[in-house]
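File shown: start_20.tsv (TSV, C-alpha atoms).
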chain	number	residue	atom	x	y	z
A	617	THR	CA	-23.60	19.26	-3.04
A	618	ALA	CA	-23.66	19.26	0.74
A	619	PRO	CA	-20.38	18.28	2.44
A	620	MET	CA	-20.19	14.73	3.80
A	621	PRO	CA	-20.26	14.40	7.59
A	622	SER	CA	-16.98	13.33	9.12
A	623	LEU	CA	-16.35	9.78	10.26
A	624	ALA	CA	-16.13	11.03	13.84
A	625	PHE	CA	-19.61	12.56	13.54
A	626	LEU	CA	-21.03	9.37	11.98
A	627	SER	CA	-19.46	7.25	14.69
A	628	ALA	CA	-20.81	9.49	17.45
A	629	VAL	CA	-24.31	9.30	16.01
A	630	ARG	CA	-24.22	5.52	15.48
A	631	LEU	CA	-22.10	4.33	18.36
A	632	GLY	CA	-22.15	6.97	21.07
A	633	SER	CA	-19.33	9.05	22.43
A	634	ALA	CA	-17.28	6.08	23.75
A	635	HIS	CA	-16.09	5.35	20.23
A	636	LEU	CA	-15.65	8.99	19.23
A	637	GLY	CA	-12.29	9.34	20.99
A	638	ALA	CA	-10.53	6.57	19.06
A	639	VAL	CA	-11.68	7.75	15.65
A	640	SER	CA	-10.91	11.36	16.54
A	641	ARG	CA	-7.33	10.40	17.47
A	642	PHE	CA	-6.85	8.82	14.04
A	643	ARG	CA	-8.30	11.83	12.27
A	644	ALA	CA	-6.24	14.28	14.36
A	645	ALA	CA	-3.02	12.37	13.66
A	646	ARG	CA	-3.78	12.38	9.96
A	647	ALA	CA	-4.61	16.09	10.00
A	648	GLN	CA	-1.15	16.88	11.36
A	649	LYS	CA	0.47	15.19	8.35
A	650	PRO	CA	-1.63	15.99	5.29
A	651	ALA	CA	-1.48	13.18	2.77
A	652	ALA	CA	-0.84	13.91	-0.86
A	653	PRO	CA	-4.10	13.69	-2.80
A	654	SER	CA	-4.44	10.49	-4.76
A	655	HIS	CA	-6.51	9.68	-7.80
A	656	ARG	CA	-8.41	7.04	-5.80
A	657	ASN	CA	-9.44	9.45	-3.03
A	658	ARG	CA	-10.60	12.11	-5.48
A	659	THR	CA	-12.59	9.54	-7.47
A	660	SER	CA	-14.14	8.04	-4.35
A	661	VAL	CA	-15.40	11.37	-3.06
A	662	THR	CA	-16.53	12.60	-6.47
A	663	MET	CA	-18.27	9.46	-7.73
A	664	THR	CA	-19.85	8.04	-4.61
A	665	SER	CA	-19.70	10.70	-1.89
A	666	ALA	CA	-18.81	7.81	0.41
A	667	VAL	CA	-16.49	8.21	3.36
A	668	SER	CA	-13.09	6.54	3.08
A	669	VAL	CA	-11.50	4.98	6.15
A	670	THR	CA	-7.93	4.00	6.88
A	671	VAL	CA	-7.03	0.48	7.93
A	672	GLU	CA	-6.55	1.75	11.51
A	673	GLU	CA	-10.03	3.28	11.55
A	674	ALA	CA	-11.54	0.16	9.99
A	675	ARG	CA	-9.90	-2.03	12.62
A	676	GLU	CA	-11.28	0.19	15.40
A	677	LEU	CA	-14.78	0.17	13.90
A	678	LEU	CA	-14.79	-3.61	13.45
A	679	PHE	CA	-13.00	-4.77	16.60
A	680	GLY	CA	-12.79	-1.77	18.93
A	681	ASP	CA	-14.99	-0.94	21.91
A	682	GLY	CA	-17.57	0.94	19.86
A	683	GLY	CA	-18.28	-1.35	16.93
A	684	GLY	CA	-18.42	-4.95	16.01
A	685	LYS	CA	-20.75	-7.45	14.44
A	686	GLY	CA	-23.86	-8.24	16.40
A	687	LYS	CA	-23.90	-5.00	18.36
A	688	PRO	CA	-26.57	-2.38	17.68
A	689	GLY	CA	-25.24	-0.06	14.98
A	690	GLY	CA	-22.20	-2.32	14.50
A	691	PHE	CA	-20.16	-2.33	11.33
A	692	VAL	CA	-19.86	-5.37	9.07
A	693	TYR	CA	-16.83	-5.91	6.83
A	694	LEU	CA	-18.27	-6.42	3.34
A	695	ASP	CA	-15.57	-8.22	1.36
A	696	VAL	CA	-16.24	-7.78	-2.36
A	697	ARG	CA	-13.32	-9.94	-3.56
A	698	THR	CA	-13.88	-13.24	-5.35
A	699	SER	CA	-14.82	-16.31	-3.31
A	700	LYS	CA	-11.38	-17.79	-4.01
A	701	GLU	CA	-9.61	-14.69	-2.65
A	702	PHE	CA	-11.94	-14.61	0.34
A	703	HIS	CA	-11.32	-18.26	1.26
A	704	GLU	CA	-7.54	-17.78	1.14
A	705	GLN	CA	-7.75	-15.22	3.97
A	706	HIS	CA	-10.27	-12.66	5.22
A	707	VAL	CA	-11.21	-10.45	8.14
A	708	VAL	CA	-12.93	-12.34	10.96
A	709	ASP	CA	-16.75	-12.22	10.63
A	710	ALA	CA	-16.52	-10.68	7.16
A	711	VAL	CA	-19.34	-11.24	4.69
A	712	ASN	CA	-18.25	-12.12	1.14
A	713	ILE	CA	-20.39	-10.86	-1.73
A	714	PRO	CA	-18.21	-10.58	-4.87
A	715	VAL	CA	-18.72	-7.51	-7.04
A	716	ALA	CA	-16.69	-8.88	-9.98
A	717	ASP	CA	-15.28	-12.09	-11.37
A	718	MET	CA	-11.60	-12.15	-12.28
A	719	THR	CA	-11.04	-13.23	-15.90
A	720	PRO	CA	-8.04	-13.16	-18.25
A	721	ASN	CA	-9.50	-9.88	-19.54
A	722	GLY	CA	-9.57	-8.35	-16.06
A	723	PRO	CA	-12.43	-8.01	-13.57
A	724	GLN	CA	-15.90	-8.48	-15.04
A	725	PRO	CA	-18.88	-7.12	-13.04
A	726	LEU	CA	-21.31	-9.64	-11.58
A	727	LYS	CA	-24.89	-8.61	-12.32
A	728	GLY	CA	-26.38	-9.95	-9.08
A	729	PHE	CA	-24.12	-8.04	-6.66
A	730	VAL	CA	-26.63	-5.38	-5.56
A	731	ASN	CA	-29.46	-7.94	-5.28
A	732	ASP	CA	-27.24	-10.23	-3.19
A	733	VAL	CA	-26.40	-7.39	-0.79
A	734	ASN	CA	-30.06	-6.35	-0.54
A	735	ARG	CA	-31.10	-9.96	0.11
A	736	ALA	CA	-28.46	-10.45	2.83
A	737	PHE	CA	-29.12	-7.04	4.46
A	738	PRO	CA	-32.72	-5.94	3.83
A	739	GLY	CA	-33.74	-2.39	4.62
A	740	LYS	CA	-30.51	-0.66	3.52
A	741	SER	CA	-29.71	0.28	7.12
A	742	GLN	CA	-26.61	-1.86	7.81
A	743	THR	CA	-23.30	0.01	8.09
A	744	PHE	CA	-20.36	-1.50	6.21
A	745	VAL	CA	-16.63	-1.21	5.87
A	746	VAL	CA	-16.34	-2.21	2.20
A	747	GLY	CA	-13.06	-3.75	1.09
A	748	CYS	CA	-11.45	-5.66	-1.75
A	749	LEU	CA	-7.80	-6.49	-2.41
A	750	SER	CA	-6.43	-3.02	-3.19
A	751	GLY	CA	-9.38	-0.63	-3.28
A	752	ALA	CA	-10.61	-0.50	-6.88
A	753	ARG	CA	-13.42	-3.08	-6.65
A	754	SER	CA	-14.65	-1.75	-3.29
A	755	GLU	CA	-14.92	1.71	-4.82
A	756	LYS	CA	-17.04	0.25	-7.63
A	757	ALA	CA	-19.15	-1.70	-5.11
A	758	VAL	CA	-19.84	1.44	-3.09
A	759	ALA	CA	-20.83	3.31	-6.26
A	760	LEU	CA	-23.27	0.51	-7.23
A	761	LEU	CA	-24.84	0.44	-3.77
A	762	VAL	CA	-25.20	4.23	-3.62
A	763	ALA	CA	-26.83	4.15	-7.08
A	764	ASP	CA	-29.29	1.56	-5.69
A	765	GLY	CA	-30.30	3.90	-2.86
A	766	TRP	CA	-28.00	2.87	-0.01
A	767	PRO	CA	-27.09	5.89	2.13
A	768	PRO	CA	-23.45	6.85	1.41
A	769	THR	CA	-22.95	7.32	5.15
A	770	ASN	CA	-23.53	3.56	5.63
A	771	LEU	CA	-20.74	2.62	3.21
A	772	LEU	CA	-17.19	3.23	4.41
A	773	ASP	CA	-14.63	2.47	1.68
A	774	LEU	CA	-11.42	0.86	3.00
A	775	GLN	CA	-8.37	2.75	1.69
A	776	GLY	CA	-5.76	0.34	0.34
A	777	GLY	CA	-8.03	-2.70	0.64
A	778	PHE	CA	-7.39	-6.01	2.38
A	779	ARG	CA	-3.77	-6.07	1.21
A	780	LYS	CA	-2.97	-2.96	3.25
A	781	TYR	CA	-5.14	-4.11	6.17
A	782	ASN	CA	-3.37	-7.48	6.22
A	783	ASN	CA	0.04	-5.77	6.30
A	784	GLU	CA	-0.95	-3.93	9.49
A	785	PHE	CA	-3.33	-6.32	11.28
A	786	THR	CA	-4.14	-10.00	11.58
A	787	PRO	CA	-7.61	-11.11	10.38
A	788	ASP	CA	-8.91	-10.78	13.96
A	789	GLY	CA	-7.68	-7.18	14.30
A	790	LYS	CA	-4.47	-7.69	16.27
A	791	PRO	CA	-1.49	-5.53	15.21
A	792	ARG	CA	1.22	-7.33	13.25
A	793	ALA	CA	4.80	-7.18	14.55
A	794	LYS	CA	6.97	-4.82	12.54
A	795	PRO	CA	10.38	-5.94	11.26
A	796	GLY	CA	13.14	-4.87	13.62
A	797	VAL	CA	10.80	-4.28	16.54
A	798	TRP	CA	11.21	-6.70	19.42
A	799	LYS	CA	8.76	-6.70	22.28
A	800	ASP	CA	10.54	-8.92	24.83
A	801	ASN	CA	14.33	-9.04	24.81
A	802	GLY	CA	15.41	-6.42	22.29
A	803	PRO	CA	17.08	-7.07	18.95
A	804	VAL	CA	19.02	-10.27	18.38
A	805	THR	CA	22.78	-9.80	18.19
A	806	TRP	CA	25.26	-12.29	16.76
A	807	THR	CA	28.52	-13.21	18.43
A	808	ASP	CA	31.40	-15.38	17.25
A	809	SER	CA	31.80	-18.52	19.31
Show me the file's structure as structure tokens.
Amino acid sequence: TAPMPSLAFLSAVRLGSAHLGAVSRFRAARAQKPAAPSHRNRTSVTMTSAVSVTVEEARELLFGDGGGKGKPGGFVYLDVRTSKEFHEQHVVDAVNIPVADMTPNGPQPLKGFVNDVNRAFPGKSQTFVVGCLSGARSEKAVALLVADGWPPTNLLDLQGGFRKYNNEFTPDGKPRAKPGVWKDNGPVTWTDS
């Protein structure tokens, strides 16, 4: 099979060179520290040929200068968690189309998922960051959409899911404060009085 184009290439084609710099910085930083291969990454590339994105890259695509809902070529966060999970907390402007229903026996696929996506986004030209809670359901959703004829380059699978995104960023894309990091007056110290 032909190699998948890089996220930087896809971004340059879709969004112009203004966005290329931010995504390239993320990719360059990751290239300096190679990550250990994981089962999820191997499966994602093998099964779907979709591009995976980190939470930092997803945040830049959704809220940075080059992307965003409503802009030409903008990315939409496709949240494939259940409606209950979605209503508890979600990325701003996300679209919720559940891929599975959670039951006592584990997640059960919902038959209308692909039809619901096609109805909401006709033409199979929308670009998505696809996410669930931890990454398993989004991987399945991407595989279903690719099997239905969606271009794999339009489906960016969020590594680590919403749980990881929510640890790093607020729903509107602002960085979360890290424990022990103080922006204004330094760390708090205790004194006896």
### Message
Ranking A:Tyr693, A:Phe785, A:Phe737, A:Phe778 by minimum distance to Trp766 (chain A) and counting only C-alpha atoms, which one comes first?
### Response
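Going through A:Tyr693, A:Phe785, A:Phe737, A:Phe778 one by one, the smallest distance to Trp766 (chain A) is for A:Phe737.
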### Task
Tell me, as a ChimeraX atom specification, which residues lie within 12 Å of Arg753 (chain A), counting only C-alpha atoms; anything in the same chain fewer than 4 positions away does not count.
/A:656,660,694-698,713-718,722-726,729,746-749,757-760,773-778
Store the residues of this selection in a file with C-alpha atoms, as a PDB file, in the coordinates of the input.
ATOM      1  CA  ARG A 656      -8.410   7.040  -5.800  1.00  0.00           C
ATOM      2  CA  SER A 660     -14.140   8.040  -4.350  1.00  0.00           C
ATOM      3  CA  LEU A 694     -18.270  -6.420   3.340  1.00  0.00           C
ATOM      4  CA  ASP A 695     -15.570  -8.220   1.360  1.00  0.00           C
ATOM      5  CA  VAL A 696     -16.240  -7.780  -2.360  1.00  0.00           C
ATOM      6  CA  ARG A 697     -13.320  -9.940  -3.560  1.00  0.00           C
ATOM      7  CA  THR A 698     -13.880 -13.240  -5.350  1.00  0.00           C
ATOM      8  CA  ILE A 713     -20.390 -10.860  -1.730  1.00  0.00           C
ATOM      9  CA  PRO A 714     -18.210 -10.580  -4.870  1.00  0.00           C
ATOM     10  CA  VAL A 715     -18.720  -7.510  -7.040  1.00  0.00           C
ATOM     11  CA  ALA A 716     -16.690  -8.880  -9.980  1.00  0.00           C
ATOM     12  CA  ASP A 717     -15.280 -12.090 -11.370  1.00  0.00           C
ATOM     13  CA  MET A 718     -11.600 -12.150 -12.280  1.00  0.00           C
ATOM     14  CA  GLY A 722      -9.570  -8.350 -16.060  1.00  0.00           C
ATOM     15  CA  PRO A 723     -12.430  -8.010 -13.570  1.00  0.00           C
ATOM     16  CA  GLN A 724     -15.900  -8.480 -15.040  1.00  0.00           C
ATOM     17  CA  PRO A 725     -18.880  -7.120 -13.040  1.00  0.00           C
ATOM     18  CA  LEU A 726     -21.310  -9.640 -11.580  1.00  0.00           C
ATOM     19  CA  PHE A 729     -24.120  -8.040  -6.660  1.00  0.00           C
ATOM     20  CA  VAL A 746     -16.340  -2.210   2.200  1.00  0.00           C
ATOM     21  CA  GLY A 747     -13.060  -3.750   1.090  1.00  0.00           C
ATOM     22  CA  CYS A 748     -11.450  -5.660  -1.750  1.00  0.00           C
ATOM     23  CA  LEU A 749      -7.800  -6.490  -2.410  1.00  0.00           C
ATOM     24  CA  ALA A 757     -19.150  -1.700  -5.110  1.00  0.00           C
ATOM     25  CA  VAL A 758     -19.840   1.440  -3.090  1.00  0.00           C
ATOM     26  CA  ALA A 759     -20.830   3.310  -6.260  1.00  0.00           C
ATOM     27  CA  LEU A 760     -23.270   0.510  -7.230  1.00  0.00           C
ATOM     28  CA  ASP A 773     -14.630   2.470   1.680  1.00  0.00           C
ATOM     29  CA  LEU A 774     -11.420   0.860   3.000  1.00  0.00           C
ATOM     30  CA  GLN A 775      -8.370   2.750   1.690  1.00  0.00           C
ATOM     31  CA  GLY A 776      -5.760   0.340   0.340  1.00  0.00           C
ATOM     32  CA  GLY A 777      -8.030  -2.700   0.640  1.00  0.00           C
ATOM     33  CA  PHE A 778      -7.390  -6.010   2.380  1.00  0.00           C
TER      34      PHE A 778
END
With all atoms listed in the file counted, which protein, DNA or RNA residues have an atom no more than 7 Å from (-20.1, 5.8, -1.3) in the file frame? Please answer as a tab-separated table (two decimals) with C-alpha atoms, keeping the file's coordinate frame.
chain	number	residue	atom	x	y	z
A	664	THR	CA	-19.85	8.04	-4.61
A	665	SER	CA	-19.70	10.70	-1.89
A	666	ALA	CA	-18.81	7.81	0.41
A	667	VAL	CA	-16.49	8.21	3.36
A	758	VAL	CA	-19.84	1.44	-3.09
A	759	ALA	CA	-20.83	3.31	-6.26
A	762	VAL	CA	-25.20	4.23	-3.62
A	768	PRO	CA	-23.45	6.85	1.41
A	771	LEU	CA	-20.74	2.62	3.21
A	772	LEU	CA	-17.19	3.23	4.41
### Query
What does the distance between CA of Thr719 (chain A) and CA of Leu761 (chain A) come to in Å, to one decimal place?
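Value for the CA of Thr719 (chain A)-CA of Leu761 (chain A) distance: 22.9 Å.
A straight line drawn from CA of Lys727 (chain A) to CA of Thr670 (chain A) is 28.6 Å long.
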Give me the box for region 759-770 of chain A as JSON, namely the centre and edge lengths in Å to one decimal of a box along x, y and z that holds every listed atom plus 4 Å on each side.
{"center_x": -25.6, "center_y": 3.9, "center_z": -0.8, "size_x": 17.5, "size_y": 14.9, "size_z": 20.9}
### Query
How many Å separate CA of Ala793 (chain A) from CA of Ser699 (chain A)?
28.1 Å
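Among A:Gly751, A:Gly728, A:Pro787, A:Pro767, the residue with the shortest atom-to-atom distance to Gln705 (chain A), counting only C-alpha atoms, is A:Pro787.
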